[in-house]
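Below is work-v9.tsv, which holds TSV, C-alpha atoms and all ligand atoms.
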```tsv
chain	number	residue	atom	x	y	z
N	186	MET	CA	0.00	0.00	0.00
N	187	THR	CA	1.48	3.36	-1.02
N	188	ASP	CA	-0.89	5.10	1.33
N	189	LEU	CA	0.49	8.15	3.12
N	190	SER	CA	-1.36	7.06	6.22
N	191	MET	CA	1.09	4.16	6.61
N	192	PRO	CA	3.75	6.12	8.50
N	193	PHE	CA	1.06	7.25	10.92
N	194	SER	CA	-0.61	3.91	11.37
N	195	ARG	CA	0.91	3.10	14.74
N	196	ARG	CA	-2.49	1.92	15.82
N	197	GLY	CA	-3.37	0.82	12.33
N	198	PHE	CA	-6.76	2.44	12.07
N	199	LEU	CA	-6.11	4.56	9.03
N	200	THR	CA	-4.97	1.67	6.90
N	201	ARG	CA	-8.32	0.00	6.52
N	202	ALA	CA	-10.23	0.44	3.29
N	203	SER	CA	-13.11	2.14	5.04
N	204	TYR	CA	-13.90	4.75	2.45
N	205	ALA	CA	-14.73	2.52	-0.49
N	206	GLY	CA	-16.39	4.08	-3.48
N	207	ALA	CA	-19.51	1.97	-3.14
N	208	LEU	CA	-20.17	3.21	0.34
N	209	TYR	CA	-19.40	6.73	-0.73
N	210	SER	CA	-22.15	6.63	-3.32
N	211	ALA	CA	-24.56	5.15	-0.77
N	212	ALA	CA	-23.89	8.21	1.33
N	213	LYS	CA	-24.66	10.52	-1.55
N	214	LEU	CA	-27.36	12.43	0.28
N	215	PHE	CA	-24.69	13.79	2.58
N	216	PRO	CA	-21.42	12.86	0.96
N	217	PHE	CA	-19.41	11.91	4.00
N	218	PRO	CA	-17.53	8.63	3.93
N	219	ALA	CA	-18.83	5.57	5.64
N	220	ILE	CA	-17.23	4.67	8.92
N	221	ALA	CA	-15.69	1.25	9.18
N	222	ALA	CA	-16.47	-0.97	12.09
N	223	GLU	CA	-12.77	-1.22	12.98
N	224	LEU	CA	-11.65	0.93	15.84
N	225	ALA	CA	-8.54	2.27	17.38
N	226	ASP	CA	-6.82	-0.57	19.18
N	227	ASP	CA	-6.42	1.79	22.09
N	228	PRO	CA	-7.31	0.20	25.42
N	229	ARG	CA	-9.50	3.22	26.22
N	230	VAL	CA	-11.75	2.56	23.23
N	231	SER	CA	-14.17	-0.18	24.12
N	232	GLN	CA	-14.72	-2.72	21.37
N	233	THR	CA	-18.22	-3.13	22.74
N	234	VAL	CA	-20.87	-0.93	21.25
N	235	ILE	CA	-23.28	0.38	23.88
N	236	ALA	CA	-25.89	1.39	21.35
N	237	ASP	CA	-25.99	1.10	17.57
N	238	LYS	CA	-28.68	2.49	15.31
N	239	GLY	CA	-26.68	2.17	12.13
N	240	PHE	CA	-26.61	5.94	11.51
N	241	ALA	CA	-24.63	6.26	14.74
N	242	SER	CA	-23.14	4.13	17.48
N	243	VAL	CA	-21.93	4.89	20.98
N	244	ARG	CA	-18.75	3.54	22.56
N	245	LYS	CA	-16.88	4.11	25.79
N	246	VAL	CA	-13.60	5.92	25.13
N	247	GLY	CA	-12.45	6.55	28.68
N	248	ASP	CA	-13.50	6.62	32.31
N	249	GLY	CA	-16.93	8.26	32.10
N	250	LEU	CA	-16.24	9.27	28.50
N	251	TYR	CA	-18.37	8.20	25.54
N	252	ALA	CA	-18.19	8.90	21.81
N	253	THR	CA	-21.11	8.92	19.40
N	254	ILE	CA	-19.76	8.14	15.94
N	255	SER	CA	-21.97	8.71	12.91
N	256	ASP	CA	-22.09	6.55	9.81
N	257	PRO	CA	-23.94	8.63	7.18
N	258	SER	CA	-23.96	5.69	4.77
N	259	LYS	CA	-26.59	4.11	7.04
N	260	GLY	CA	-28.70	7.16	7.75
N	261	THR	CA	-28.42	10.88	8.34
N	262	GLN	CA	-30.17	11.41	11.68
N	263	THR	CA	-26.97	12.50	13.40
N	264	LEU	CA	-24.47	13.15	10.57
N	265	CYS	CA	-21.77	14.54	12.85
N	266	ASN	CA	-20.05	12.84	15.75
N	267	GLY	CA	-20.81	13.73	19.36
N	268	GLY	CA	-20.45	12.18	22.77
N	269	PHE	CA	-21.11	12.64	26.46
N	270	LEU	CA	-19.18	12.81	29.71
N	271	VAL	CA	-20.49	11.26	32.90
N	272	GLY	CA	-19.15	12.27	36.32
N	273	LYS	CA	-20.34	11.29	39.80
N	274	ASP	CA	-22.61	14.34	40.07
N	275	SER	CA	-23.66	15.24	36.55
N	276	ALA	CA	-23.30	14.59	32.83
N	277	PHE	CA	-22.40	16.83	29.91
N	278	VAL	CA	-23.69	16.17	26.40
N	279	LEU	CA	-22.10	17.18	23.10
N	280	GLU	CA	-23.80	18.29	19.88
N	281	GLY	CA	-27.32	19.02	18.71
N	282	PHE	CA	-26.69	16.93	15.58
N	283	ILE	CA	-28.63	17.46	12.36
N	284	SER	CA	-31.99	16.31	13.67
N	285	ALA	CA	-33.92	16.01	16.91
N	286	PRO	CA	-34.17	12.21	16.51
N	287	GLY	CA	-30.35	12.15	16.29
N	288	ALA	CA	-30.01	14.13	19.53
N	289	ALA	CA	-32.69	11.89	21.10
N	290	PHE	CA	-30.72	8.74	20.24
N	291	GLN	CA	-27.65	9.98	22.11
N	292	TRP	CA	-29.76	11.23	25.01
N	293	GLU	CA	-31.55	7.91	25.42
N	294	THR	CA	-28.25	6.05	25.31
N	295	LEU	CA	-26.98	8.27	28.12
N	296	GLN	CA	-30.15	7.65	30.15
N	297	GLY	CA	-29.51	3.92	29.88
N	298	ILE	CA	-26.06	4.35	31.45
N	299	THR	CA	-26.56	6.77	34.33
N	300	GLN	CA	-29.13	8.42	36.56
N	301	VAL	CA	-27.08	11.57	37.19
N	302	PRO	CA	-28.69	14.78	35.94
N	303	VAL	CA	-27.50	16.39	32.71
N	304	LYS	CA	-25.78	19.68	33.53
N	305	ALA	CA	-25.94	20.94	29.94
N	306	ALA	CA	-25.64	20.13	26.27
N	307	MET	CA	-23.20	21.98	24.02
N	308	ASP	CA	-22.96	22.67	20.29
N	309	THR	CA	-19.27	22.63	19.30
N	310	HIS	CA	-20.13	25.28	16.65
N	311	TYR	CA	-23.08	26.71	14.77
N	312	HIS	CA	-23.04	24.57	11.59
N	313	TYR	CA	-26.36	22.98	10.65
N	314	ASP	CA	-25.20	19.39	11.07
N	315	HIS	CA	-24.29	20.14	14.70
N	316	SER	CA	-27.24	22.37	15.59
N	317	THR	CA	-30.47	21.69	13.68
N	318	GLY	CA	-31.35	18.95	16.19
N	319	ASN	CA	-31.14	21.49	19.06
N	320	ALA	CA	-34.94	21.46	19.14
N	321	PHE	CA	-34.64	18.26	21.18
N	322	TYR	CA	-32.85	20.11	24.01
N	323	GLY	CA	-35.27	23.02	23.72
N	324	ALA	CA	-38.18	20.64	24.17
N	325	ASN	CA	-36.76	18.88	27.24
N	326	GLY	CA	-35.44	22.04	28.89
N	327	THR	CA	-31.72	21.20	28.81
N	328	PRO	CA	-29.45	24.26	29.07
N	329	LEU	CA	-27.66	24.60	25.74
N	330	TRP	CA	-24.13	25.96	25.74
N	331	ALA	CA	-22.20	27.27	22.74
N	332	HIS	CA	-19.70	29.90	21.66
N	333	ALA	CA	-21.22	33.37	22.14
N	334	ASP	CA	-21.55	33.94	18.37
N	335	THR	CA	-23.32	30.65	17.67
N	336	ALA	CA	-26.93	31.85	18.15
N	337	LYS	CA	-26.36	34.88	15.92
N	338	ARG	CA	-24.75	32.74	13.22
N	339	ILE	CA	-27.60	30.22	13.25
N	340	VAL	CA	-30.05	33.07	12.71
N	341	THR	CA	-28.10	34.88	10.00
N	342	LYS	CA	-27.04	31.78	8.08
N	343	TYR	CA	-30.03	29.48	8.49
N	344	GLY	CA	-32.95	31.61	9.63
N	345	VAL	CA	-32.90	33.26	6.20
N	346	LEU	CA	-33.47	29.88	4.55
N	347	GLN	CA	-36.79	29.39	6.29
N	348	GLY	CA	-39.93	30.75	4.73
N	349	VAL	CA	-38.41	31.21	1.27
N	350	SER	CA	-38.94	29.00	-1.76
N	351	LYS	CA	-36.21	26.49	-2.49
N	352	SER	CA	-35.77	27.75	-6.05
N	353	ALA	CA	-35.24	31.29	-4.80
N	354	ALA	CA	-32.86	30.14	-2.08
N	355	LEU	CA	-30.76	28.14	-4.55
N	356	ALA	CA	-30.98	30.44	-7.59
N	357	ARG	CA	-27.34	31.52	-7.36
N	358	GLU	CA	-26.10	27.93	-7.10
N	359	GLU	CA	-28.30	26.84	-10.05
N	360	LYS	CA	-26.86	29.67	-12.12
N	361	ALA	CA	-23.30	28.68	-11.24
N	362	VAL	CA	-23.96	25.15	-12.55
N	363	LYS	CA	-25.36	26.49	-15.83
N	364	GLU	CA	-22.49	28.92	-16.33
N	365	ALA	CA	-19.67	26.50	-15.49
N	366	LYS	CA	-17.07	26.62	-18.25
N	367	THR	CA	-15.64	23.11	-17.95
N	368	GLU	CA	-17.09	19.68	-17.19
N	369	LEU	CA	-15.00	19.54	-14.02
N	370	ALA	CA	-16.26	22.93	-12.88
N	371	LYS	CA	-19.82	21.84	-13.62
N	372	THR	CA	-19.36	18.71	-11.49
N	373	HIS	CA	-18.02	20.77	-8.60
N	374	ARG	CA	-20.81	23.39	-8.83
N	375	GLN	CA	-23.39	20.61	-9.04
N	376	GLY	CA	-21.94	19.01	-5.88
N	377	TYR	CA	-22.31	22.35	-4.13
N	378	LEU	CA	-25.89	22.76	-5.34
N	379	ASP	CA	-26.76	19.24	-4.10
N	380	ALA	CA	-25.21	19.93	-0.69
N	381	MET	CA	-27.00	23.29	-0.40
N	382	SER	CA	-30.23	21.58	-1.36
N	383	ASN	CA	-29.73	19.09	1.48
N	384	ILE	CA	-28.95	21.90	3.90
N	385	PHE	CA	-32.08	23.77	2.82
N	386	ASP	CA	-34.13	20.63	3.51
N	387	ALA	CA	-32.52	20.07	6.92
N	388	ILE	CA	-33.14	23.68	7.96
N	389	ASN	CA	-36.74	23.60	6.82
N	390	ALA	CA	-37.45	20.29	8.54
N	391	THR	CA	-36.71	21.69	11.98
N	392	THR	CA	-37.47	24.42	14.47
N	393	LEU	CA	-34.24	26.34	14.76
N	394	THR	CA	-33.34	26.36	18.43
N	395	LEU	CA	-30.70	28.71	19.73
N	396	PRO	CA	-28.18	28.05	22.49
N	397	ASN	CA	-29.27	29.86	25.68
N	398	HIS	CA	-25.94	29.81	27.53
N	399	PRO	CA	-23.37	31.74	25.46
N	400	LEU	CA	-19.70	31.15	26.26
N	401	SER	CA	-17.58	34.18	25.53
N	402	ALA	CA	-14.20	33.24	24.06
N	403	SER	CA	-12.53	35.74	26.39
N	404	LYS	CA	-13.77	33.72	29.38
N	405	LEU	CA	-12.29	30.46	28.09
N	406	PRO	CA	-10.82	28.00	28.90
N	407	LEU	CA	-13.61	26.97	31.24
N	408	LYS	CA	-13.34	24.06	33.65
N	409	VAL	CA	-16.50	22.02	34.10
N	410	ASP	CA	-16.54	19.83	37.22
N	411	LEU	CA	-18.86	16.86	36.78
N	412	GLY	CA	-17.77	15.15	40.01
N	413	GLY	CA	-14.48	13.29	39.80
N	414	LEU	CA	-14.29	14.22	36.14
N	415	THR	CA	-13.15	17.62	34.93
N	416	ALA	CA	-13.72	18.73	31.35
N	417	VAL	CA	-12.10	21.84	29.92
N	418	ILE	CA	-13.84	23.86	27.21
N	419	GLU	CA	-11.49	25.76	24.92
N	420	HIS	CA	-11.90	27.90	21.80
N	421	TYR	CA	-9.64	27.63	18.76
N	422	PRO	CA	-9.76	29.29	15.34
N	423	GLY	CA	-10.02	27.65	11.96
N	424	HIS	CA	-13.28	26.05	10.97
N	425	SER	CA	-16.21	28.35	11.75
N	426	GLY	CA	-15.18	31.16	14.11
N	427	THR	CA	-17.39	29.56	16.78
N	428	ASP	CA	-15.44	26.37	17.45
N	429	LEU	CA	-15.22	24.91	20.94
N	430	ILE	CA	-13.48	21.73	21.97
N	431	VAL	CA	-13.80	19.67	25.13
N	432	ARG	CA	-10.62	18.27	26.63
N	433	VAL	CA	-10.22	15.83	29.43
N	434	PRO	CA	-6.53	16.38	30.15
N	435	GLU	CA	-6.36	13.74	32.89
N	436	GLN	CA	-7.25	11.07	30.35
N	437	ASN	CA	-5.75	12.61	27.20
N	438	VAL	CA	-9.10	12.56	25.42
N	439	VAL	CA	-10.28	15.45	23.24
N	440	TYR	CA	-13.63	16.07	21.57
N	441	THR	CA	-12.59	18.36	18.74
N	442	GLY	CA	-15.82	19.22	16.94
N	443	ASP	CA	-15.03	20.08	13.33
N	444	LEU	CA	-11.54	21.36	14.08
N	445	LEU	CA	-10.57	17.81	13.17
N	446	PHE	CA	-12.03	15.70	10.37
N	447	SER	CA	-10.76	12.14	10.35
N	448	GLY	CA	-10.10	10.83	6.84
N	449	ILE	CA	-11.92	13.73	5.18
N	450	PHE	CA	-10.58	16.89	3.52
N	451	PRO	CA	-10.90	20.07	5.62
N	452	VAL	CA	-14.20	21.90	5.22
N	453	THR	CA	-13.18	25.54	4.88
N	454	PHE	CA	-16.16	27.15	3.13
N	455	ASP	CA	-17.21	29.16	6.17
N	456	ASP	CA	-16.58	32.90	5.84
N	457	ARG	CA	-14.77	32.74	9.19
N	458	ALA	CA	-12.69	29.69	8.32
N	459	THR	CA	-9.00	30.43	7.83
N	460	ASN	CA	-6.26	28.13	6.60
N	461	SER	CA	-3.62	29.84	8.74
N	462	GLY	CA	-5.72	29.83	11.91
N	463	TRP	CA	-6.78	26.24	11.44
N	464	ARG	CA	-3.24	25.02	10.78
N	465	GLN	CA	-2.07	26.81	13.92
N	466	THR	CA	-4.80	25.01	15.86
N	467	LEU	CA	-3.70	21.67	14.41
N	468	LYS	CA	-0.13	22.44	15.42
N	469	THR	CA	-1.42	22.85	18.96
N	470	PHE	CA	-3.29	19.52	18.77
N	471	ALA	CA	-0.09	17.89	17.52
N	472	SER	CA	1.80	19.28	20.50
N	473	TRP	CA	-0.40	17.39	22.96
N	474	ASP	CA	0.49	14.01	24.44
N	475	LYS	CA	1.42	11.37	21.86
N	476	ASP	CA	-1.28	9.08	23.22
N	477	THR	CA	-4.07	11.63	22.91
N	478	LEU	CA	-7.32	10.16	21.69
N	479	PHE	CA	-9.31	12.44	19.40
N	480	VAL	CA	-13.06	12.22	18.84
N	481	PRO	CA	-13.29	14.19	15.56
N	482	GLY	CA	-16.31	16.11	14.25
N	483	HIS	CA	-16.64	13.60	11.42
N	484	GLY	CA	-14.98	10.28	10.70
N	485	ALA	CA	-13.43	7.64	12.90
N	486	ILE	CA	-11.84	8.11	16.31
N	487	CYS	CA	-8.12	8.66	15.84
N	488	GLY	CA	-4.85	9.39	17.56
N	489	GLN	CA	-2.09	11.84	16.68
N	490	GLU	CA	-1.69	10.12	13.28
N	491	GLY	CA	-5.14	11.45	12.37
N	492	VAL	CA	-3.99	14.99	13.16
N	493	ALA	CA	-0.78	14.43	11.16
N	494	LEU	CA	-2.74	13.16	8.16
N	495	PHE	CA	-5.15	16.10	8.34
N	496	ARG	CA	-2.23	18.56	8.46
N	497	SER	CA	-0.70	16.87	5.42
N	498	LEU	CA	-3.93	17.49	3.48
N	499	PHE	CA	-3.54	21.24	4.10
N	500	ASP	CA	0.13	20.97	3.11
N	501	ASP	CA	-0.68	19.23	-0.17
N	502	ILE	CA	-3.41	21.68	-1.15
N	503	GLU	CA	-1.04	24.55	-0.36
N	504	GLU	CA	1.72	22.98	-2.44
N	505	GLN	CA	-0.48	22.50	-5.50
N	506	ALA	CA	-2.14	25.91	-5.12
N	507	GLU	CA	1.27	27.57	-4.89
N	508	LYS	CA	2.35	25.99	-8.19
N	509	LEU	CA	-0.86	27.18	-9.88
N	510	HIS	CA	-0.40	30.63	-8.39
N	511	LYS	CA	3.21	30.87	-9.58
N	512	ALA	CA	2.11	29.70	-13.04
N	513	GLY	CA	-0.30	32.63	-13.19
N	514	VAL	CA	-3.50	30.57	-12.98
N	515	PRO	CA	-6.27	32.84	-11.66
N	516	VAL	CA	-8.07	31.75	-8.49
N	517	SER	CA	-11.34	31.25	-10.42
N	518	GLU	CA	-9.63	28.42	-12.31
N	519	ALA	CA	-7.29	27.22	-9.57
N	520	VAL	CA	-10.18	26.23	-7.30
N	521	ASP	CA	-11.06	23.41	-9.70
N	522	ARG	CA	-7.53	22.27	-10.50
N	523	TYR	CA	-6.33	20.56	-7.33
N	524	VAL	CA	-5.70	16.91	-8.12
N	525	ILE	CA	-6.27	14.40	-5.31
N	526	PRO	CA	-3.02	12.42	-5.28
N	527	GLU	CA	-2.93	8.65	-5.18
N	528	LYS	CA	-1.84	8.67	-1.52
N	529	PHE	CA	-5.08	10.48	-0.59
N	530	LYS	CA	-7.42	8.50	-2.81
N	531	ASN	CA	-9.31	7.20	0.23
N	532	ILE	CA	-9.80	10.69	1.63
N	533	SER	CA	-13.20	12.10	0.87
N	534	PRO	CA	-13.93	15.70	-0.03
N	535	PHE	CA	-17.26	16.72	1.49
N	536	ALA	CA	-18.61	18.56	-1.58
N	537	TRP	CA	-15.60	20.05	-3.43
N	538	ASP	CA	-16.86	23.63	-3.03
N	539	PHE	CA	-17.12	23.19	0.75
N	540	SER	CA	-13.64	21.83	1.13
N	541	ILE	CA	-10.91	21.79	-1.52
N	542	GLY	CA	-12.15	24.74	-3.60
N	543	PRO	CA	-12.34	27.24	-0.73
N	544	THR	CA	-9.07	25.96	0.76
N	545	VAL	CA	-7.32	26.82	-2.52
N	546	ALA	CA	-9.10	30.20	-2.66
N	547	LYS	CA	-8.10	30.99	0.92
N	548	PHE	CA	-4.45	30.24	0.19
N	549	TYR	CA	-4.63	32.62	-2.77
N	550	ALA	CA	-6.23	35.25	-0.52
N	551	GLU	CA	-3.52	34.77	2.12
N	552	TRP	CA	-0.92	35.42	-0.58
N	553	GLY	CA	-2.77	38.58	-1.59
N	554	ALA	CA	-3.44	37.13	-5.03
N	555	LYS	CA	-6.28	37.88	-7.39
A	1	ZN	ZN	-18.72	22.33	10.73
```

Starting from the file, lay out its structure as structure tokens.
Ligand SMILES: [Zn+2]
Amino acid sequence: MTDLSMPFSRRGFLTRASYAGALYSAAKLFPFPAIAAELADDPRVSQTVIADKGFASVRKVGDGLYATISDPSKGTQTLCNGGFLVGKDSAFVLEGFISAPGAAFQWETLQGITQVPVKAAMDTHYHYDHSTGNAFYGANGTPLWAHADTAKRIVTKYGVLQGVSKSAALAREEKAVKEAKTELAKTHRQGYLDAMSNIFDAINATTLTLPNHPLSASKLPLKVDLGGLTAVIEHYPGHSGTDLIVRVPEQNVVYTGDLLFSGIFPVTFDDRATNSGWRQTLKTFASWDKDTLFVPGHGAICGQEGVALFRSLFDDIEEQAEKLHKAGVPVSEAVDRYVIPEKFKNISPFAWDFSIGPTVAKFYAEWGAK
């Protein structure tokens, strides 16, 4: 195998053929790769699944620590990963997911494990696939924590998609498909239109529910004492401008939200996403203990090799973009010209125009190029 993941496969969980094309097409509705059943052979990750609905499963990843890992090839009720932390006095729940039934699945799994009250739920950031299931927490009266800008961003980005016709909401994306100058460009614009269409549907299928406990970045890090288990909430730049992570330093476990995608190209479309900020954040992740266990926002649980692989994706896009830039290729063309190398053939782009395209464009912008 000439896979780049080989040097990082200390635990061997990036070497499996988990992102096969067949599964990818099954997950077409939301084009995230399927998650293989194989897991990190880390003693903290239980091989026993506590609950499995196909679309997501829950496993123990530490003492009082649980990860909810989504498999979009089997259903899109959750779409993103999540998890929960259970101390002696209270529990803390992560993510609103993409639908209330998704949030309910995780909640019910938690209820089957412990009787301690839930202190709060938290959205790691405002994106639809982490927040459109917030209605579940609204309905059961759970305090909902998030970065202070999250509520505002949900309203400005998604509120505007409610109460308008789909054709009006997607007119610009439709036009971009029609006006694409090459077949490749047309494919990429079509992928964006399909993804936006799915987002429109997700937004309009729910009651947008806003976090009611804003966490100001200036007040972070914040220690949350659950009774014999201390979680630390921290803010880092890169993916959405509203990204929070939850660390459990005593056990070297980190819930990263979308600041880490495992086996998926970085999703940088957000107007507050920055390549430089995100790479700095990843450098910080890489500086943590070599045995750190990461529960990513999407994809399989990983160790430091997952962070290293993700950083190498940024490096490769930068390298190719730089060549295009030096050759005088304008950004409007460069966004379609990144070539996924053989070593990354199992890495999935979540809609080109959400991931690779904007990453190229942001490198151009950072270089002050037109
Ligand atoms: Zn996101």

Report task. Name all residues at most 12 Å from Val303 in chain N (count all atoms listed in the file; drop same-chain ones fewer than 5 positions away) and give them as a list in words. Result -> Phe269, Leu270, Val271, Gly272, Lys273, Asp274, Ser275, Ala276, Phe277, Val278, Leu279, Trp292, Glu293, Leu295, Gln296, Tyr322, Asn325, Gly326, Thr327, Pro328, Leu329 and Leu411 of chain N

How about saving the chosen residues, C-alpha atoms kept, as a CSV table (one decimal), in the frame of the given file?
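This is the output file selection.csv:
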```csv
chain,number,residue,atom,x,y,z
N,269,PHE,CA,-21.1,12.6,26.5
N,270,LEU,CA,-19.2,12.8,29.7
N,271,VAL,CA,-20.5,11.3,32.9
N,272,GLY,CA,-19.2,12.3,36.3
N,273,LYS,CA,-20.3,11.3,39.8
N,274,ASP,CA,-22.6,14.3,40.1
N,275,SER,CA,-23.7,15.2,36.6
N,276,ALA,CA,-23.3,14.6,32.8
N,277,PHE,CA,-22.4,16.8,29.9
N,278,VAL,CA,-23.7,16.2,26.4
N,279,LEU,CA,-22.1,17.2,23.1
N,292,TRP,CA,-29.8,11.2,25.0
N,293,GLU,CA,-31.6,7.9,25.4
N,295,LEU,CA,-27.0,8.3,28.1
N,296,GLN,CA,-30.2,7.6,30.2
N,322,TYR,CA,-32.8,20.1,24.0
N,325,ASN,CA,-36.8,18.9,27.2
N,326,GLY,CA,-35.4,22.0,28.9
N,327,THR,CA,-31.7,21.2,28.8
N,328,PRO,CA,-29.4,24.3,29.1
N,329,LEU,CA,-27.7,24.6,25.7
N,411,LEU,CA,-18.9,16.9,36.8
```

Using all atoms listed in the file, determine which residues fall within 12 Å of ligand ZN 1 (chain A), then list them as an mmCIF file with C-alpha atoms, keeping the file's coordinate frame.
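Output file selection-v3.cif follows:
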```
data_model
loop_
_atom_site.group_PDB
_atom_site.id
_atom_site.type_symbol
_atom_site.label_atom_id
_atom_site.label_comp_id
_atom_site.auth_asym_id
_atom_site.auth_seq_id
_atom_site.Cartn_x
_atom_site.Cartn_y
_atom_site.Cartn_z
ATOM 1 C CA LEU N 264 -24.470 13.150 10.570
ATOM 2 C CA CYS N 265 -21.770 14.540 12.850
ATOM 3 C CA ASN N 266 -20.050 12.840 15.750
ATOM 4 C CA GLU N 280 -23.800 18.290 19.880
ATOM 5 C CA PHE N 282 -26.690 16.930 15.580
ATOM 6 C CA ILE N 283 -28.630 17.460 12.360
ATOM 7 C CA ASP N 308 -22.960 22.670 20.290
ATOM 8 C CA THR N 309 -19.270 22.630 19.300
ATOM 9 C CA HIS N 310 -20.130 25.280 16.650
ATOM 10 C CA TYR N 311 -23.080 26.710 14.770
ATOM 11 C CA HIS N 312 -23.040 24.570 11.590
ATOM 12 C CA TYR N 313 -26.360 22.980 10.650
ATOM 13 C CA ASP N 314 -25.200 19.390 11.070
ATOM 14 C CA HIS N 315 -24.290 20.140 14.700
ATOM 15 C CA SER N 316 -27.240 22.370 15.590
ATOM 16 C CA THR N 335 -23.320 30.650 17.670
ATOM 17 C CA GLY N 423 -10.020 27.650 11.960
ATOM 18 C CA HIS N 424 -13.280 26.050 10.970
ATOM 19 C CA SER N 425 -16.210 28.350 11.750
ATOM 20 C CA GLY N 426 -15.180 31.160 14.110
ATOM 21 C CA THR N 427 -17.390 29.560 16.780
ATOM 22 C CA ASP N 428 -15.440 26.370 17.450
ATOM 23 C CA LEU N 429 -15.220 24.910 20.940
ATOM 24 C CA THR N 441 -12.590 18.360 18.740
ATOM 25 C CA GLY N 442 -15.820 19.220 16.940
ATOM 26 C CA ASP N 443 -15.030 20.080 13.330
ATOM 27 C CA LEU N 444 -11.540 21.360 14.080
ATOM 28 C CA LEU N 445 -10.570 17.810 13.170
ATOM 29 C CA PHE N 446 -12.030 15.700 10.370
ATOM 30 C CA PRO N 451 -10.900 20.070 5.620
ATOM 31 C CA VAL N 452 -14.200 21.900 5.220
ATOM 32 C CA THR N 453 -13.180 25.540 4.880
ATOM 33 C CA PHE N 454 -16.160 27.150 3.130
ATOM 34 C CA ASP N 455 -17.210 29.160 6.170
ATOM 35 C CA ASP N 456 -16.580 32.900 5.840
ATOM 36 C CA ARG N 457 -14.770 32.740 9.190
ATOM 37 C CA ALA N 458 -12.690 29.690 8.320
ATOM 38 C CA PRO N 481 -13.290 14.190 15.560
ATOM 39 C CA GLY N 482 -16.310 16.110 14.250
ATOM 40 C CA HIS N 483 -16.640 13.600 11.420
ATOM 41 C CA PHE N 535 -17.260 16.720 1.490
ATOM 42 C CA PHE N 539 -17.120 23.190 0.750
ATOM 43 C CA SER N 540 -13.640 21.830 1.130
#
```

Requested in this report: Provide the CA of Phe529 in chain N to CA of Ala493 in chain N distance in Å, to one decimal place.
Outcome: 13.1 Å

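Interatomic distance, CA of Thr392 in chain N to CA of Gln262 in chain N: 15.2 Å.
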
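Nearest residue to Ala550 in chain N, choosing from N:Glu507, N:Glu527, N:Asp521, N:Asp538 and counting all atoms listed in the file: N:Glu507.
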
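Using all atoms listed in the file, the shortest contact distance between Ala252 in chain N and any of N:Thr367, N:Ser231, N:Thr317, N:Asn397 is found at N:Ser231.
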
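Between Tyr440 in chain N and the candidates N:Val301, N:Ile254, N:Ala506, N:Leu400, the tightest atom-to-atom separation, counting only C-alpha atoms, involves N:Ile254.
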
Query - For CA of Gly542 in chain N and CA of Asn460 in chain N, the interatomic separation in Å (one decimal) - result: 12.3 Å

**Report entry** For Ile525 in chain N: contacts at 10 Å, only C-alpha atoms, fewer than 5 positions along chain excluded, given as a VMD selection string
**Finding:** chain N and resid 498 501 to 502 505 530 to 534 541

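Nearest to Gln375 in chain N of all the residues N:Leu355, N:Val431, N:Leu393, N:Val545 is N:Leu355, counting only C-alpha atoms.
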
Query raised in the report: So which residues touch Glu419 in chain N within 6 Å, counting all atoms listed in the file, skipping near sequence neighbours fewer than 4 positions away, as a PyMOL selection string?
Result: chain N and resi 405-406+429-430

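Taking all atoms listed in the file into account, Asp256 in chain N lies nearest to N:Gly484 out of the set N:Gly484, N:Arg432, N:Phe470, N:Asn383.
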
**Report entry** 12 Å contact set for Val433 in chain N, only C-alpha atoms, chain neighbours under 4 positions out, as a VMD selection string
**Finding:** chain N and resid 246 to 251 269 to 272 407 to 411 413 to 419 437 to 441 473 to 474 477 to 480

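Non-sequential neighbours of Glu359 in chain N (distance at most 12 Å, separation of 2 or more positions within a chain, all atoms listed in the file) are Lys351, Ser352, Ala353, Ala354, Leu355, Ala356, Arg357, Ala361, Val362, Lys363, Glu364, Ala365, Lys371, Arg374, Gln375, Gly376, Tyr377, Leu378, Asp379, Met381 and Ser382 of chain N.
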
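Using all atoms listed in the file, the nearest neighbour of Leu369 in chain N within the list N:Leu395, N:Cys487, N:Ile235, N:Val524 is N:Val524.
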